[in-house]
>>> print(open('entry.tsv').read())   # TSV, C-alpha atoms
chain	number	residue	atom	x	y	z
A	1013	MET	CA	242.74	-105.65	120.97
A	1014	ILE	CA	243.58	-102.46	119.04
A	1015	LYS	CA	246.31	-102.27	116.39
A	1016	LYS	CA	248.23	-99.00	116.61
A	1017	ASN	CA	249.90	-96.70	113.99
A	1018	GLN	CA	248.88	-98.61	110.94
A	1019	HIS	CA	246.86	-95.98	108.99
A	1020	ASN	CA	247.96	-92.47	109.96
A	1021	GLY	CA	246.93	-93.08	113.53
A	1022	PHE	CA	243.50	-94.43	112.79
A	1023	ASN	CA	242.86	-97.73	114.48
A	1024	ILE	CA	240.32	-100.47	114.01
A	1025	PRO	CA	239.21	-103.28	116.31
A	1026	ASP	CA	240.44	-106.79	115.55
A	1027	GLY	CA	238.30	-108.64	113.04
A	1028	TYR	CA	236.47	-105.45	112.09
A	1029	PHE	CA	236.64	-106.02	108.33
A	1030	ASP	CA	235.42	-109.58	108.66
A	1031	ASN	CA	232.52	-108.27	110.66
A	1032	LEU	CA	231.90	-105.38	108.21
A	1033	GLU	CA	231.90	-107.75	105.29
A	1034	PHE	CA	229.37	-109.87	107.11
A	1035	LYS	CA	227.22	-106.84	107.86
A	1036	LEU	CA	227.33	-105.57	104.27
A	1037	HIS	CA	226.54	-109.00	102.99
A	1038	LYS	CA	223.59	-109.17	105.39
A	1039	ILE	CA	222.31	-105.76	104.29
A	1040	ALA	CA	222.50	-106.85	100.65
A	1041	GLU	CA	220.79	-110.07	101.55
A	1042	ASP	CA	218.07	-108.21	103.46
A	1043	THR	CA	217.51	-105.80	100.57
A	1044	ASP	CA	217.26	-108.70	98.18
A	1045	ARG	CA	214.96	-110.49	100.58
A	1046	LYS	CA	212.86	-107.38	101.01
A	1047	GLN	CA	212.49	-106.57	97.34
A	1048	SER	CA	212.41	-109.92	95.63
A	1049	MET	CA	210.59	-111.99	98.20
A	1050	HIS	CA	207.79	-109.52	98.83
A	1051	GLY	CA	207.90	-109.99	102.56
A	1052	GLY	CA	207.94	-113.77	102.22
A	1053	PHE	CA	204.78	-114.06	100.16
A	1054	GLN	CA	205.03	-116.29	97.13
A	1055	ALA	CA	202.80	-117.03	94.16
A	1056	PRO	CA	202.28	-120.29	92.25
A	1057	GLU	CA	204.88	-120.85	89.50
A	1058	ASP	CA	202.70	-120.37	86.44
A	1059	TYR	CA	200.44	-117.83	88.10
A	1060	TRP	CA	201.60	-114.69	86.29
A	1061	GLU	CA	200.84	-116.03	82.85
A	1062	GLN	CA	197.38	-117.14	84.00
A	1063	LEU	CA	196.71	-113.86	85.75
A	1064	ASP	CA	197.59	-111.76	82.70
A	1065	LYS	CA	195.36	-113.96	80.51
A	1066	LYS	CA	192.45	-113.62	82.95
A	1067	LEU	CA	192.93	-109.89	83.17
A	1068	MET	CA	193.22	-109.50	79.41
A	1069	ASN	CA	189.81	-111.11	79.02
A	1070	GLN	CA	188.29	-108.43	81.23
A	1071	PRO	CA	188.26	-105.49	78.76
A	1072	LEU	CA	186.56	-107.67	76.13
A	1073	SER	CA	183.87	-108.85	78.52
A	1074	ILE	CA	183.34	-105.31	79.86
A	1075	ASN	CA	182.83	-104.04	76.30
A	1076	ASP	CA	180.47	-106.91	75.51
A	1077	GLU	CA	178.57	-106.21	78.70
A	1078	SER	CA	178.05	-102.56	77.79
A	1079	LYS	CA	176.80	-103.54	74.32
A	1080	ARG	CA	174.46	-106.13	75.80
A	1081	SER	CA	173.11	-103.72	78.37
A	1082	LYS	CA	171.83	-101.42	75.57
A	1083	VAL	CA	169.74	-104.26	74.14
A	1084	ILE	CA	168.48	-105.26	77.55
A	1085	SER	CA	167.45	-101.70	78.35
A	1086	LEU	CA	165.07	-101.70	75.36
A	1087	LEU	CA	163.73	-105.17	76.02
A	1088	THR	CA	163.22	-104.83	79.74
A	1089	PRO	CA	159.93	-102.80	79.68
A	1090	LEU	CA	158.41	-105.14	77.09
A	1091	LEU	CA	159.40	-108.17	79.10
A	1092	ALA	CA	157.96	-106.63	82.25
A	1093	VAL	CA	154.60	-105.92	80.59
A	1094	ALA	CA	154.44	-109.40	79.05
A	1095	ALA	CA	155.29	-111.02	82.38
A	1096	THR	CA	152.60	-108.99	84.18
A	1097	ILE	CA	149.95	-110.00	81.65
A	1098	ALA	CA	150.99	-113.65	81.88
A	1099	VAL	CA	150.75	-113.60	85.67
A	1100	LEU	CA	147.30	-111.94	85.58
A	1101	LEU	CA	145.99	-114.47	83.08
A	1102	TYR	CA	147.33	-117.30	85.21
A	1103	LEU	CA	145.87	-115.96	88.46
A	1104	PHE	CA	142.53	-114.88	86.99
A	1105	PRO	CA	141.75	-117.31	84.19
A	1106	THR	CA	138.22	-115.92	83.65
A	1107	ILE	CA	139.50	-112.40	83.04
A	1108	ASN	CA	139.72	-113.00	79.28
A	1109	GLU	CA	136.44	-114.90	78.95
A	1110	PRO	CA	133.70	-112.49	77.76
A	1111	SER	CA	130.28	-113.01	79.36
A	1112	ASP	CA	126.95	-112.30	77.69
A	1113	GLU	CA	125.04	-112.14	80.94
A	1114	LEU	CA	124.03	-108.68	82.18
A	1115	VAL	CA	124.44	-107.96	85.84
A	1116	THR	CA	121.13	-106.81	87.40
A	1117	THR	CA	119.83	-106.24	90.90
A	1118	ASP	CA	116.52	-107.95	90.17
A	1119	GLY	CA	117.31	-111.00	92.22
A	1120	LEU	CA	118.30	-109.01	95.30
A	1121	THR	CA	116.01	-108.23	98.19
A	1122	GLY	CA	115.91	-104.83	99.82
A	1123	THR	CA	117.57	-106.21	102.92
A	1124	GLU	CA	120.42	-107.66	100.90
A	1125	LEU	CA	120.98	-104.32	99.22
A	1126	ALA	CA	120.84	-102.50	102.55
A	1127	ASP	CA	123.31	-104.95	104.06
A	1128	TYR	CA	125.63	-104.47	101.08
A	1129	LEU	CA	125.47	-100.68	101.28
A	1130	ALA	CA	125.65	-100.53	105.09
A	1131	PRO	CA	127.29	-103.69	106.32
A	1132	ASP	CA	127.47	-104.63	109.98
A	1133	ASP	CA	124.45	-102.49	110.82
A	1134	ILE	CA	126.56	-99.42	111.03
A	1135	LEU	CA	123.59	-97.10	110.51
A	1136	SER	CA	121.12	-98.99	112.62
A	1137	SER	CA	120.84	-96.49	115.47
A	1138	ASP	CA	119.79	-92.85	115.59
A	1139	TYR	CA	123.04	-91.96	117.25
A	1140	GLN	CA	125.02	-93.21	114.24
A	1141	TRP	CA	122.81	-91.22	111.86
A	1142	ALA	CA	123.32	-88.17	114.05
A	1143	GLU	CA	127.07	-88.53	113.77
A	1144	ILE	CA	126.92	-88.67	109.97
A	1145	LEU	CA	124.28	-85.95	109.43
A	1146	THR	CA	126.11	-83.06	111.01
A	1147	ASP	CA	124.74	-79.49	111.18
A	1148	ASP	CA	127.01	-78.43	108.32
A	1149	PHE	CA	125.69	-81.21	106.16
A	1150	ILE	CA	122.06	-80.44	106.98
A	1151	GLU	CA	122.50	-76.74	106.24
A	1152	GLN	CA	123.59	-77.63	102.71
A	1153	VAL	CA	120.38	-79.57	102.07
A	1154	GLU	CA	117.44	-77.52	100.92
A	1155	VAL	CA	114.30	-78.55	102.81
A	1156	ASN	CA	110.83	-77.27	102.08
A	1157	VAL	CA	108.74	-77.94	105.16
A	1158	GLN	CA	105.33	-76.46	105.91
A	1159	ASP	CA	104.62	-75.09	109.40
A	1160	ASP	CA	101.80	-77.61	109.95
A	1161	ASP	CA	104.03	-80.52	109.13
A	1162	LEU	CA	106.64	-79.22	111.50
A	1163	HIS	CA	104.11	-78.88	114.35
A	1164	GLU	CA	102.82	-82.37	113.71
A	1165	TYR	CA	106.36	-83.74	113.73
A	1166	LEU	CA	107.23	-81.94	116.98
A	1167	ASN	CA	104.14	-83.35	118.64
A	1168	ASP	CA	104.96	-86.91	117.56
A	1169	VAL	CA	108.69	-87.04	118.10
A	1170	GLU	CA	109.99	-88.35	121.37
A	1171	LEU	CA	112.04	-86.02	123.51
A	1172	GLN	CA	115.17	-88.22	123.40
A	1173	GLU	CA	115.18	-88.30	119.62
A	1174	LEU	CA	114.85	-84.53	119.53
A	1175	PHE	CA	117.96	-84.12	121.67
A	1176	ILE	CA	119.85	-86.33	119.33
A	1177	GLU	CA	118.85	-84.23	116.36
B	238	MET	CA	212.12	-104.90	77.14
B	239	ARG	CA	211.42	-101.21	76.52
B	240	ALA	CA	209.91	-99.36	79.46
B	241	ILE	CA	206.43	-98.15	78.61
B	242	SER	CA	205.29	-94.83	80.02
B	243	ASP	CA	201.90	-94.28	81.61
B	244	GLN	CA	201.25	-91.61	79.00
B	245	GLU	CA	201.73	-94.11	76.19
B	246	ILE	CA	199.44	-96.64	77.88
B	247	LEU	CA	196.70	-94.04	78.32
B	248	GLU	CA	197.01	-92.80	74.74
B	249	ASN	CA	196.69	-96.34	73.42
B	250	ILE	CA	193.67	-97.14	75.58
B	251	ASN	CA	191.91	-93.99	74.40
B	252	ASN	CA	192.59	-94.82	70.77
B	253	PRO	CA	189.98	-97.34	69.45
B	254	GLN	CA	192.50	-98.89	67.05
B	255	ARG	CA	195.11	-99.45	69.76
B	256	MET	CA	192.81	-99.97	72.76
B	257	GLN	CA	193.63	-103.69	73.19
B	258	LEU	CA	197.35	-102.96	73.02
B	259	GLY	CA	196.88	-100.31	75.71
B	260	TYR	CA	195.08	-102.73	78.02
B	261	LYS	CA	197.77	-105.34	77.42
B	262	GLN	CA	200.50	-102.85	78.31
B	263	LEU	CA	198.61	-101.82	81.43
B	264	VAL	CA	198.30	-105.42	82.59
B	265	GLN	CA	201.94	-106.21	81.79
B	266	CYS	CA	203.21	-103.15	83.64
B	267	TYR	CA	201.01	-103.29	86.69
B	268	SER	CA	199.52	-106.74	87.35
B	269	LYS	CA	202.46	-107.96	89.45
B	270	ARG	CA	202.82	-104.72	91.37
B	271	ILE	CA	199.12	-104.63	92.17
B	272	TYR	CA	199.13	-108.31	93.12
B	273	TRP	CA	201.96	-107.89	95.64
B	274	GLN	CA	200.39	-104.80	97.13
B	275	VAL	CA	197.09	-106.61	97.55
B	276	ARG	CA	198.69	-109.85	98.72
B	277	LYS	CA	200.51	-108.14	101.58
B	278	LEU	CA	197.19	-106.73	102.73
B	279	VAL	CA	194.86	-109.72	102.34
B	280	ILE	CA	197.57	-112.32	103.17
B	281	THR	CA	196.27	-115.36	101.25
B	282	HIS	CA	196.94	-116.00	97.56
B	283	GLU	CA	193.33	-116.96	96.80
B	284	ASP	CA	191.95	-113.72	98.20
B	285	ALA	CA	194.66	-111.70	96.45
B	286	ASP	CA	193.77	-113.35	93.13
B	287	ASP	CA	190.09	-112.42	93.56
B	288	VAL	CA	190.86	-108.88	94.62
B	289	VAL	CA	193.31	-108.26	91.76
B	290	GLN	CA	190.67	-109.25	89.22
B	291	ASN	CA	188.13	-106.92	90.82
B	292	VAL	CA	190.73	-104.16	90.89
B	293	PHE	CA	191.41	-104.50	87.18
B	294	ILE	CA	187.69	-104.59	86.34
B	295	LYS	CA	187.39	-101.24	88.13
B	296	ILE	CA	190.50	-99.92	86.44
B	297	PHE	CA	189.27	-100.91	82.98
B	298	LYS	CA	185.87	-99.39	83.64
B	299	GLY	CA	187.27	-96.15	85.01
B	300	ILE	CA	190.45	-95.58	83.04
B	301	LYS	CA	188.78	-93.67	80.20
B	302	ASN	CA	187.65	-91.13	82.78
B	303	PHE	CA	191.10	-90.96	84.40
B	304	LYS	CA	191.93	-87.27	84.34
B	305	GLY	CA	195.60	-87.59	85.18
B	306	ASP	CA	195.32	-85.53	88.36
B	307	SER	CA	197.65	-88.05	89.98
B	308	LYS	CA	200.09	-90.66	88.70
B	309	LEU	CA	198.43	-93.67	87.09
B	310	SER	CA	200.11	-95.96	89.62
B	311	THR	CA	198.80	-93.83	92.49
B	312	TRP	CA	195.26	-94.06	91.17
B	313	MET	CA	195.57	-97.83	90.72
B	314	TYR	CA	197.12	-98.36	94.15
B	315	ARG	CA	194.22	-96.48	95.68
B	316	ILE	CA	191.69	-98.74	93.97
B	317	ALA	CA	193.70	-101.78	95.07
B	318	TYR	CA	193.84	-100.56	98.67
B	319	ASN	CA	190.08	-99.89	98.78
B	320	GLU	CA	189.23	-103.25	97.22
B	321	SER	CA	191.54	-105.07	99.64
B	322	MET	CA	189.98	-103.36	102.62
B	323	THR	CA	186.49	-104.10	101.30
B	324	LEU	CA	187.32	-107.80	101.14
B	325	LEU	CA	188.94	-107.85	104.59
B	326	ASN	CA	186.00	-106.01	106.17
B	327	LYS	CA	183.48	-108.28	104.46
B	328	LYS	CA	185.27	-111.43	105.63
B	329	ALA	CA	185.72	-110.03	109.12
B	330	ARG	CA	182.03	-109.10	109.35
B	331	SER	CA	180.98	-112.61	108.37
B	332	MET	CA	183.20	-113.96	111.16
B	333	GLN	CA	182.01	-111.25	113.57
B	334	ILE	CA	185.53	-110.00	114.27
B	335	THR	CA	187.47	-106.86	113.31
B	336	SER	CA	189.63	-106.71	110.18
B	337	GLU	CA	192.75	-106.44	112.39
B	338	GLU	CA	191.74	-109.63	114.24
B	339	LEU	CA	191.18	-111.33	110.90
B	340	VAL	CA	194.66	-110.37	109.68
B	341	GLN	CA	196.21	-111.69	112.90
B	342	LYS	CA	194.31	-114.94	112.44
B	343	LEU	CA	195.46	-115.26	108.82
B	344	THR	CA	199.05	-114.45	109.76
B	345	GLN	CA	199.06	-117.17	112.42
B	346	ASN	CA	198.35	-119.64	109.63
B	347	LEU	CA	201.23	-118.42	107.44
B	348	THR	CA	203.57	-121.21	108.52
B	349	ALA	CA	201.15	-123.70	106.97
B	350	ASP	CA	200.73	-121.64	103.80
B	351	VAL	CA	202.48	-123.27	100.83
B	352	TYR	CA	202.78	-119.84	99.22
B	353	PHE	CA	204.75	-118.31	102.06
B	354	THR	CA	208.45	-118.63	102.75
B	355	GLU	CA	209.83	-120.73	105.58
B	356	ASP	CA	212.17	-117.89	106.51
B	357	GLU	CA	211.66	-117.32	110.23
B	358	VAL	CA	212.68	-113.68	110.04
B	359	LEU	CA	209.99	-112.92	107.51
B	360	ILE	CA	207.37	-114.89	109.41
B	361	ALA	CA	208.24	-112.90	112.53
B	362	LEU	CA	208.04	-109.66	110.56
B	363	GLN	CA	204.62	-110.54	109.20
B	364	LYS	CA	203.39	-111.37	112.69
B	365	ALA	CA	204.67	-108.01	113.85
B	366	LEU	CA	202.92	-106.27	110.96
B	367	ALA	CA	199.70	-108.10	111.75
B	368	SER	CA	199.71	-106.44	115.15
B	369	LEU	CA	199.38	-103.01	113.49
B	370	PRO	CA	196.16	-101.22	112.59
B	371	ASP	CA	195.25	-101.67	108.88
B	372	ARG	CA	196.32	-98.20	107.85
B	373	GLN	CA	199.71	-98.34	109.58
B	374	ARG	CA	200.31	-101.76	108.10
B	375	GLU	CA	199.61	-100.50	104.58
B	376	ILE	CA	201.80	-97.43	105.07
B	377	PHE	CA	204.63	-99.64	106.34
B	378	ASN	CA	204.20	-102.06	103.40
B	379	MET	CA	204.22	-99.32	100.79
B	380	ARG	CA	207.24	-97.58	102.22
B	381	TYR	CA	209.32	-100.54	103.37
B	382	TYR	CA	208.64	-103.09	100.65
B	383	ASP	CA	207.62	-100.99	97.65
B	384	SER	CA	209.80	-97.92	98.45
B	385	ILE	CA	206.95	-95.55	97.55
B	386	LYS	CA	207.58	-91.91	98.42
B	387	PHE	CA	205.78	-90.51	101.47
B	388	SER	CA	204.10	-87.87	99.30
B	389	GLU	CA	202.72	-90.55	96.98
B	390	ILE	CA	201.53	-92.72	99.88
B	391	ALA	CA	199.76	-89.64	101.21
B	392	HIS	CA	198.05	-89.24	97.84
B	393	ILE	CA	197.03	-92.90	97.66
B	394	LEU	CA	195.56	-92.97	101.14
B	395	GLU	CA	194.22	-89.40	100.99
B	396	LEU	CA	196.20	-88.34	104.05
B	397	SER	CA	198.64	-85.53	104.72
B	398	GLU	CA	202.31	-86.28	104.19
B	399	GLY	CA	202.99	-85.50	107.85
B	400	ALA	CA	200.37	-88.02	108.96
B	401	VAL	CA	201.92	-90.68	106.73
B	402	LYS	CA	205.43	-90.02	108.07
B	403	SER	CA	204.26	-90.14	111.64
B	404	SER	CA	202.27	-93.34	111.01
B	405	TYR	CA	205.30	-94.98	109.40
B	406	HIS	CA	207.52	-93.98	112.29
B	407	LEU	CA	204.96	-95.33	114.75
B	408	ALA	CA	204.56	-98.55	112.77
B	409	ALA	CA	208.32	-99.09	112.59
B	410	LYS	CA	208.64	-98.59	116.36
B	411	LYS	CA	205.81	-101.02	117.03
B	412	VAL	CA	207.29	-103.63	114.73
B	413	GLU	CA	210.66	-103.31	116.44
B	414	GLN	CA	209.04	-103.49	119.86
B	415	PHE	CA	206.96	-106.51	118.87
B	416	ILE	CA	209.99	-108.41	117.63
B	417	LYS	CA	212.04	-107.52	120.69
B	418	THR	CA	209.24	-108.56	123.03
B	419	HIS	CA	208.68	-111.84	121.28
B	420	GLN	CA	212.46	-112.37	120.93
B	421	THR	CA	211.91	-114.26	117.70
B	422	ILE	CA	214.72	-112.54	115.84
B	423	GLU	CA	217.39	-110.01	116.64
B	424	LEU	CA	217.45	-106.76	114.71
B	425	ASP	CA	220.88	-105.39	113.72
>>> encode(input="entry.tsv", output="structure tokens")
Amino acid sequence: MIKKNQHNGFNIPDGYFDNLEFKLHKIAEDTDRKQSMHGGFQAPEDYWEQLDKKLMNQPLSINDESKRSKVISLLTPLLAVAATIAVLLYLFPTINEPSDELVTTDGLTGTELADYLAPDDILSSDYQWAEILTDDFIEQVEVNVQDDDLHEYLNDVELQELFIE
Amino acid sequence: MRAISDQEILENINNPQRMQLGYKQLVQCYSKRIYWQVRKLVITHEDADDVVQNVFIKIFKGIKNFKGDSKLSTWMYRIAYNESMTLLNKKARSMQITSEELVQKLTQNLTADVYFTEDEVLIALQKALASLPDRQREIFNMRYYDSIKFSEIAHILELSEGAVKSSYHLAAKKVEQFIKTHQTIELD
């Protein structure tokens, strides 16, 4: 239903202002809802006071932390060295016990020494010696051999050994 | 209460005699704003409380080096956004889901949350927002709830203003579509 000739020819639908009022009220309500309710999220009643107190303690603790860290930075290397020494003493308790006994090789047999120097028989065959004593190595060694000795050696040596050399 | 300017806060913090006053002013001016920004991102009060404390630790540590290239609030919002996303990603990783899936999961539980309204319209809106990618959700939150200018949002998120506007437009369309599809509420 349209009312005619009431405002210089401009007409409005029935109940328009009631509806407009409702709409404006709803917009205001929505704005309020939007801004004050933070999308529906709420916080505990006394939270803000607690939060500000917690946050205000932060700058103090940060400053204290930076002061403490200077002390720690000087102490840290000393602590590390002390800890290392303590661990070594614990693991090797004899390390700090001086011994009067001299270490000698008198009690060792030749075989024991050979086994210690060349374990697992690694140099037991001519082939292994040949691999170690290369031509380059031999050239660096000065050898003074007489012709007679050489002839005698060549007569005695087996052919296979000669090939290896 | 007299409004305190960012300039005054910074001057006080950089003055050894008035440093504590400066920190107090900073907390008083920004703690609530930062909390609500974070809360809308991480959804639960407990997580928001943790994040806000981490945010302020970072602010306190970094504020003496704040050069003033941007507004103080912009700088703080950026820290808050990054911290919120770090928490969401960490939680999501531990649950082997994406951060968007995590937010949807948290939003589903909002009706049981004592720190969330019973208003059905707002629950529906949050569910719609949870369907958005993280970045669109944050842009929508900043613009719709906090009325932050597009240019400032662009600065906070290190995006172009055009990208922010287009993301907001897209987010708004998606929210509208979500609500229409789910017919939970009618938009005027």
>>> closest_atom_pairs(input="entry.tsv", of="chain A", to="chain B", cutoff="6 Å", atoms="only C-alpha atoms", output="CSV")
residue,atom,partner,partner_atom,distance
A:Gly1052,CA,B:Thr354,CA,4.9
A:Phe1053,CA,B:Phe353,CA,4.7
A:Gln1054,CA,B:Tyr352,CA,4.7
A:Ala1055,CA,B:Tyr352,CA,5.8
>>> residues_near_point(input="entry.tsv", point="(196.7, -101.6, 111.5)", cutoff="10 Å", atoms="only C-alpha atoms", output="compact mmCIF listing (two decimals) with C-alpha atoms, in the frame of the given file")
# COMPACT_ATOMS: atom_id res chain seq x y z
CA SER B 336 189.63 -106.71 110.18
CA GLU B 337 192.75 -106.44 112.39
CA GLU B 338 191.74 -109.63 114.24
CA VAL B 340 194.66 -110.37 109.68
CA LEU B 366 202.92 -106.27 110.96
CA ALA B 367 199.70 -108.10 111.75
CA SER B 368 199.71 -106.44 115.15
CA LEU B 369 199.38 -103.01 113.49
CA PRO B 370 196.16 -101.22 112.59
CA ASP B 371 195.25 -101.67 108.88
CA ARG B 372 196.32 -98.20 107.85
CA GLN B 373 199.71 -98.34 109.58
CA ARG B 374 200.31 -101.76 108.10
CA GLU B 375 199.61 -100.50 104.58
CA ILE B 376 201.80 -97.43 105.07
CA PHE B 377 204.63 -99.64 106.34
CA SER B 404 202.27 -93.34 111.01
CA ALA B 408 204.56 -98.55 112.77
>>> closest_residue(input="entry.tsv", among="B:Ile250, B:Ala365, B:Leu309, B:Val279", to="B:Ser321", atoms="only C-alpha atoms")
B:Val279
>>> atom_distance(input="entry.tsv", atom1="atom CA of B:Lys308", atom2="atom CA of B:Val401")
18.1 Å
